[in-house]
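Containing mmCIF, C-alpha atoms: entry.cif.
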```cif
data_input
#
loop_
_atom_site.group_PDB
_atom_site.id
_atom_site.type_symbol
_atom_site.label_atom_id
_atom_site.label_comp_id
_atom_site.auth_asym_id
_atom_site.auth_seq_id
_atom_site.Cartn_x
_atom_site.Cartn_y
_atom_site.Cartn_z
ATOM 1 C CA MET A 28 74.418 6.661 19.165
ATOM 2 C CA ASN A 29 73.598 3.628 17.024
ATOM 3 C CA GLN A 30 70.490 3.014 14.929
ATOM 4 C CA LEU A 31 68.788 0.876 17.603
ATOM 5 C CA ASP A 32 69.259 3.613 20.219
ATOM 6 C CA ARG A 33 67.769 6.175 17.816
ATOM 7 C CA LEU A 34 64.736 3.966 17.168
ATOM 8 C CA GLU A 35 64.253 3.369 20.876
ATOM 9 C CA ASN A 36 64.461 7.098 21.633
ATOM 10 C CA LYS A 37 61.986 7.888 18.864
ATOM 11 C CA SER A 38 59.599 5.233 20.199
ATOM 12 C CA ILE A 39 59.820 6.640 23.716
ATOM 13 C CA TYR A 40 59.130 10.137 22.375
ATOM 14 C CA ILE A 41 56.079 8.911 20.432
ATOM 15 C CA LEU A 42 54.700 7.065 23.485
ATOM 16 C CA ARG A 43 55.054 10.172 25.646
ATOM 17 C CA GLU A 44 53.440 12.366 22.997
ATOM 18 C CA ALA A 45 50.529 9.940 22.580
ATOM 19 C CA TYR A 46 50.008 9.912 26.339
ATOM 20 C CA SER A 47 49.986 13.709 26.469
ATOM 21 C CA GLN A 48 47.555 14.059 23.547
ATOM 22 C CA PHE A 49 44.909 11.348 24.049
ATOM 23 C CA LYS A 50 42.289 11.597 26.771
ATOM 24 C CA SER A 51 41.731 7.866 27.061
ATOM 25 C CA LEU A 52 44.691 5.839 25.878
ATOM 26 C CA CYS A 53 45.365 2.116 26.092
ATOM 27 C CA MET A 54 47.928 -0.293 24.713
ATOM 28 C CA LEU A 55 47.165 -3.721 23.296
ATOM 29 C CA TRP A 56 49.128 -6.597 24.792
ATOM 30 C CA SER A 57 48.820 -10.026 23.200
ATOM 31 C CA ILE A 58 51.444 -11.457 25.575
ATOM 32 C CA GLY A 59 53.560 -12.150 22.488
ATOM 33 C CA LYS A 60 57.092 -10.987 21.868
ATOM 34 C CA ASP A 61 56.263 -7.876 19.796
ATOM 35 C CA SER A 62 53.710 -6.470 22.230
ATOM 36 C CA THR A 63 55.968 -7.340 25.161
ATOM 37 C CA VAL A 64 58.664 -5.181 23.554
ATOM 38 C CA MET A 65 56.043 -2.398 23.407
ATOM 39 C CA LEU A 66 55.348 -2.928 27.108
ATOM 40 C CA TRP A 67 59.080 -2.687 27.830
ATOM 41 C CA LEU A 68 59.299 0.554 25.820
ATOM 42 C CA ALA A 69 56.286 2.002 27.658
ATOM 43 C CA ARG A 70 57.879 1.176 31.006
ATOM 44 C CA LYS A 71 61.102 2.805 29.882
ATOM 45 C CA ALA A 72 59.243 5.880 28.594
ATOM 46 C CA PHE A 73 57.492 6.391 31.932
ATOM 47 C CA PHE A 74 60.293 5.385 34.303
ATOM 48 C CA GLY A 75 58.968 1.925 35.172
ATOM 49 C CA HIS A 76 55.299 2.882 35.381
ATOM 50 C CA VAL A 77 52.774 2.381 32.572
ATOM 51 C CA PRO A 78 50.239 5.243 32.920
ATOM 52 C CA PHE A 79 47.574 3.691 30.692
ATOM 53 C CA PRO A 80 45.864 0.306 30.776
ATOM 54 C CA LEU A 81 47.065 -2.701 28.843
ATOM 55 C CA VAL A 82 44.261 -4.442 26.968
ATOM 56 C CA HIS A 83 44.372 -8.125 26.155
ATOM 57 C CA ILE A 84 41.799 -9.741 23.854
ATOM 58 C CA ASP A 85 41.270 -13.180 25.346
ATOM 59 C CA THR A 86 40.157 -15.769 22.784
ATOM 60 C CA ALA A 87 40.123 -18.479 25.505
ATOM 61 C CA TYR A 88 42.576 -20.449 23.350
ATOM 62 C CA LYS A 89 45.871 -19.186 24.800
ATOM 63 C CA ILE A 90 48.097 -21.608 26.656
ATOM 64 C CA PRO A 91 46.967 -21.319 30.314
ATOM 65 C CA GLU A 92 50.507 -20.517 31.422
ATOM 66 C CA MET A 93 50.440 -17.419 29.202
ATOM 67 C CA ILE A 94 47.378 -16.086 31.028
ATOM 68 C CA LYS A 95 49.046 -16.844 34.366
ATOM 69 C CA TYR A 96 52.132 -14.976 33.151
ATOM 70 C CA ARG A 97 49.996 -12.002 32.039
ATOM 71 C CA ASP A 98 48.365 -11.737 35.444
ATOM 72 C CA LYS A 99 51.556 -12.364 37.414
ATOM 73 C CA LEU A 100 53.428 -9.679 35.483
ATOM 74 C CA ALA A 101 50.525 -7.220 35.774
ATOM 75 C CA LEU A 102 50.497 -7.692 39.544
ATOM 76 C CA GLU A 103 54.285 -7.513 39.908
ATOM 77 C CA LEU A 104 54.610 -4.377 37.765
ATOM 78 C CA ASN A 105 51.394 -2.774 39.049
ATOM 79 C CA ILE A 106 49.950 -2.610 35.534
ATOM 80 C CA ASP A 107 46.347 -1.605 34.941
ATOM 81 C CA MET A 108 45.336 -4.811 33.114
ATOM 82 C CA ILE A 109 42.081 -5.176 31.223
ATOM 83 C CA TYR A 110 40.819 -7.982 29.068
ATOM 84 C CA GLY A 111 37.936 -8.272 26.652
ATOM 85 C CA GLN A 112 36.350 -11.374 25.233
ATOM 86 C CA ASN A 113 33.526 -12.465 22.938
ATOM 87 C CA ARG A 114 31.772 -14.478 25.614
ATOM 88 C CA LYS A 115 28.641 -14.961 23.526
ATOM 89 C CA ALA A 116 30.541 -16.708 20.715
ATOM 90 C CA LEU A 117 32.380 -18.873 23.237
ATOM 91 C CA GLU A 118 29.228 -19.771 25.202
ATOM 92 C CA ASN A 119 27.349 -20.619 21.988
ATOM 93 C CA LYS A 120 30.356 -22.598 20.728
ATOM 94 C CA GLN A 121 30.454 -20.503 17.544
ATOM 95 C CA THR A 122 34.114 -21.339 17.031
ATOM 96 C CA PHE A 123 36.276 -23.232 14.601
ATOM 97 C CA PRO A 124 37.436 -25.810 17.186
ATOM 98 C CA ASP A 125 33.788 -26.581 17.984
ATOM 99 C CA GLY A 126 33.066 -27.046 14.268
ATOM 100 C CA ASN A 127 30.435 -24.290 14.173
ATOM 101 C CA ALA A 128 32.381 -21.592 12.324
ATOM 102 C CA THR A 129 35.001 -21.365 9.649
ATOM 103 C CA HIS A 130 38.512 -20.376 10.636
ATOM 104 C CA LEU A 131 37.890 -16.805 9.394
ATOM 105 C CA GLU A 132 34.497 -16.500 11.108
ATOM 106 C CA CYS A 133 36.033 -17.720 14.348
ATOM 107 C CA CYS A 134 38.951 -15.291 14.102
ATOM 108 C CA LYS A 135 36.593 -12.387 13.367
ATOM 109 C CA ALA A 136 34.350 -13.252 16.315
ATOM 110 C CA LEU A 137 37.037 -13.992 18.883
ATOM 111 C CA LYS A 138 39.594 -11.383 17.841
ATOM 112 C CA THR A 139 38.176 -8.592 15.663
ATOM 113 C CA ASP A 140 34.680 -8.314 17.167
ATOM 114 C CA ALA A 141 36.060 -8.655 20.685
ATOM 115 C CA LEU A 142 38.710 -6.008 20.004
ATOM 116 C CA VAL A 143 36.324 -3.466 18.480
ATOM 117 C CA ASN A 144 33.714 -3.893 21.210
ATOM 118 C CA THR A 145 36.272 -3.856 24.011
ATOM 119 C CA ILE A 146 37.924 -0.687 22.691
ATOM 120 C CA ASN A 147 34.644 1.141 22.107
ATOM 121 C CA GLY A 148 33.214 0.036 25.472
ATOM 122 C CA THR A 149 30.144 -1.687 24.029
ATOM 123 C CA TRP A 150 30.927 -5.052 25.610
ATOM 124 C CA PRO A 151 32.000 -5.621 29.202
ATOM 125 C CA ARG A 152 35.663 -5.204 29.963
ATOM 126 C CA PHE A 153 37.323 -6.946 32.860
ATOM 127 C CA ARG A 154 39.867 -5.116 35.027
ATOM 128 C CA LEU A 155 42.403 -6.764 37.312
ATOM 129 C CA ASN A 156 41.828 -5.868 40.957
ATOM 130 C CA HIS A 157 45.325 -5.652 42.431
ATOM 131 C CA LYS A 158 44.057 -6.182 45.982
ATOM 132 C CA THR A 159 42.287 -9.473 45.247
ATOM 133 C CA GLY A 160 44.270 -10.618 42.200
ATOM 134 C CA LYS A 161 40.929 -11.296 40.438
ATOM 135 C CA TYR A 162 39.239 -9.696 37.453
ATOM 136 C CA GLU A 163 36.079 -7.659 37.943
ATOM 137 C CA THR A 164 33.737 -6.040 35.470
ATOM 138 C CA ASP A 165 35.215 -2.654 34.606
ATOM 139 C CA LYS A 166 32.862 0.094 35.735
ATOM 140 C CA ASN A 167 34.167 2.479 33.067
ATOM 141 C CA PRO A 168 32.545 1.858 29.648
ATOM 142 C CA GLU A 169 34.156 4.941 28.057
ATOM 143 C CA PRO A 170 35.694 4.196 24.667
ATOM 144 C CA TYR A 171 39.440 4.461 24.274
ATOM 145 C CA THR A 172 40.309 7.404 22.052
ATOM 146 C CA GLY A 173 43.822 6.165 21.360
ATOM 147 C CA VAL A 174 45.196 2.656 21.066
ATOM 148 C CA ILE A 175 48.885 1.868 21.029
ATOM 149 C CA VAL A 176 49.732 -1.250 19.103
ATOM 150 C CA GLY A 177 52.993 -2.523 17.732
ATOM 151 C CA LEU A 178 53.093 -4.355 14.461
ATOM 152 C CA ARG A 179 55.834 -4.902 12.009
ATOM 153 C CA ALA A 180 55.444 -3.701 8.453
ATOM 154 C CA ASP A 181 57.073 -6.875 7.173
ATOM 155 C CA GLU A 182 54.247 -8.913 8.755
ATOM 156 C CA GLU A 183 51.356 -6.577 7.980
ATOM 157 C CA GLY A 184 51.516 -5.324 4.411
ATOM 158 C CA SER A 185 48.573 -2.944 4.749
ATOM 159 C CA ARG A 186 50.607 -0.911 7.268
ATOM 160 C CA SER A 187 53.901 -0.911 5.372
ATOM 161 C CA LYS A 188 53.518 2.727 4.244
ATOM 162 C CA GLU A 189 52.459 4.086 7.631
ATOM 163 C CA ARG A 190 55.136 5.316 9.965
ATOM 164 C CA TYR A 191 53.662 6.124 13.373
ATOM 165 C CA PHE A 192 49.939 6.745 13.405
ATOM 166 C CA SER A 193 47.009 5.118 11.737
ATOM 167 C CA ALA A 194 44.049 7.449 12.028
ATOM 168 C CA ARG A 195 40.641 5.868 12.448
ATOM 169 C CA ASP A 196 37.172 7.226 12.959
ATOM 170 C CA LYS A 197 33.931 5.720 14.228
ATOM 171 C CA LYS A 198 32.889 4.620 10.740
ATOM 172 C CA VAL A 199 36.148 2.764 10.097
ATOM 173 C CA ILE A 200 36.057 1.106 13.534
ATOM 174 C CA SER A 201 32.438 -0.078 13.196
ATOM 175 C CA ASN A 202 33.080 -1.555 9.740
ATOM 176 C CA THR A 203 36.081 -3.590 10.831
#
```
Translate the structure of the given file into structure tokens.
Amino acid sequence: MNQLDRLENKSIYILREAYSQFKSLCMLWSIGKDSTVMLWLARKAFFGHVPFPLVHIDTAYKIPEMIKYRDKLALELNIDMIYGQNRKALENKQTFPDGNATHLECCKALKTDALVNTINGTWPRFRLNHKTGKYETDKNPEPYTGVIVGLRADEEGSRSKERYFSARDKKVISNT
């Protein structure tokens, strides 16, 4: 068995353990290459089925074809797809492209604030209805107690010493 096979097996084991231990688990999916690898690993870990929802934070600035791809793949693979968004910031044009926020303020509003409030259930979440192919307001506002996310230590220095889990509590989440 080569090193890549060992890493894949370890990842599959960790995904299965997380699923067995967390009451309300989700996995972030940015539609990018790293999170798509995580999706592939989750499908492999659960024999083609992903038993927890994928959560996408929609900044409204993705290439439209990426959103179409997200929805097409979710329908084809029968994935429980949810997205969250900072609709207030978008409606009020409090964004960098609109000239009403700095780049960092915009990123915090559209990514960080949307992520925190989608995960904790404070803001509306939108769930893909597989029968209609449309998103509807998710009726379940329960917070996710576990979030699977893939990031590379070489790209995120603050995580370079962590191996598998990054424990958070309500205080840490609300101060993000």
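This file, queried with the PyMOL selection byres ((chain A and resi 46) around 12), gives the residues Ile39, Tyr40, Ile41, Leu42, Arg43, Glu44, Ala45, Ser47, Gln48, Phe49, Lys50, Ser51, Leu52, Cys53, Met54, Ala69, Ala72, Phe73, Val77, Pro78, Phe79, Pro80, Thr172, Gly173, Val174 and Ile175 of chain A.
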>> Show me, as number ranges by chain, the residues that have an atom within 12 Å of A:Tyr110 when counting all atoms listed in the file, minus same-chain residues fewer than 3 positions from it.
In response: A: 53-58, 80-87, 94, 97-98, 101, 107, 113-114, 138, 141-142, 144-146, 148, 150-155, 161-165
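Relative to atom CA of A:Gly111, atom CA of A:Thr63 is found at 18.1 Å.
Of the listed residues A:Pro170, A:Leu100, A:Glu92, A:Arg33, the one whose atoms come nearest to A:Trp67 is A:Leu100, with distances taken using all atoms listed in the file.
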>> I'd like the interatomic distance between atom CA of A:Asp61 and atom CA of A:Gly177, to a tenth of an Å.
In response: 6.6 Å
> For the atom pair atom CA of A:Leu104 and atom CA of A:His157, what is the interatomic distance in Å to one decimal place?
Replying inline: 10.5 Å
With 5 Å of padding per side, what axis-aligned box (centre and edge lengths, Å, one decimal) covers all the listed atoms of stretch 80-96 of chain A? Give it as AutoDock Vina command-line options.
```
--center_x 46.1 --center_y -10.7 --center_z 28.6 --size_x 22.0 --size_y 31.9 --size_z 21.6
```
>> What's around A:Asn127 at 12 Å? Count only C-alpha atoms, leave out sequence neighbours fewer than 4 positions away in its own chain, and write the answer as a list in words.
In response: Ala116, Leu117, Glu118, Asn119, Lys120, Gln121, Thr122, Phe123, Leu131, Glu132, Cys133 and Ala136 of chain A
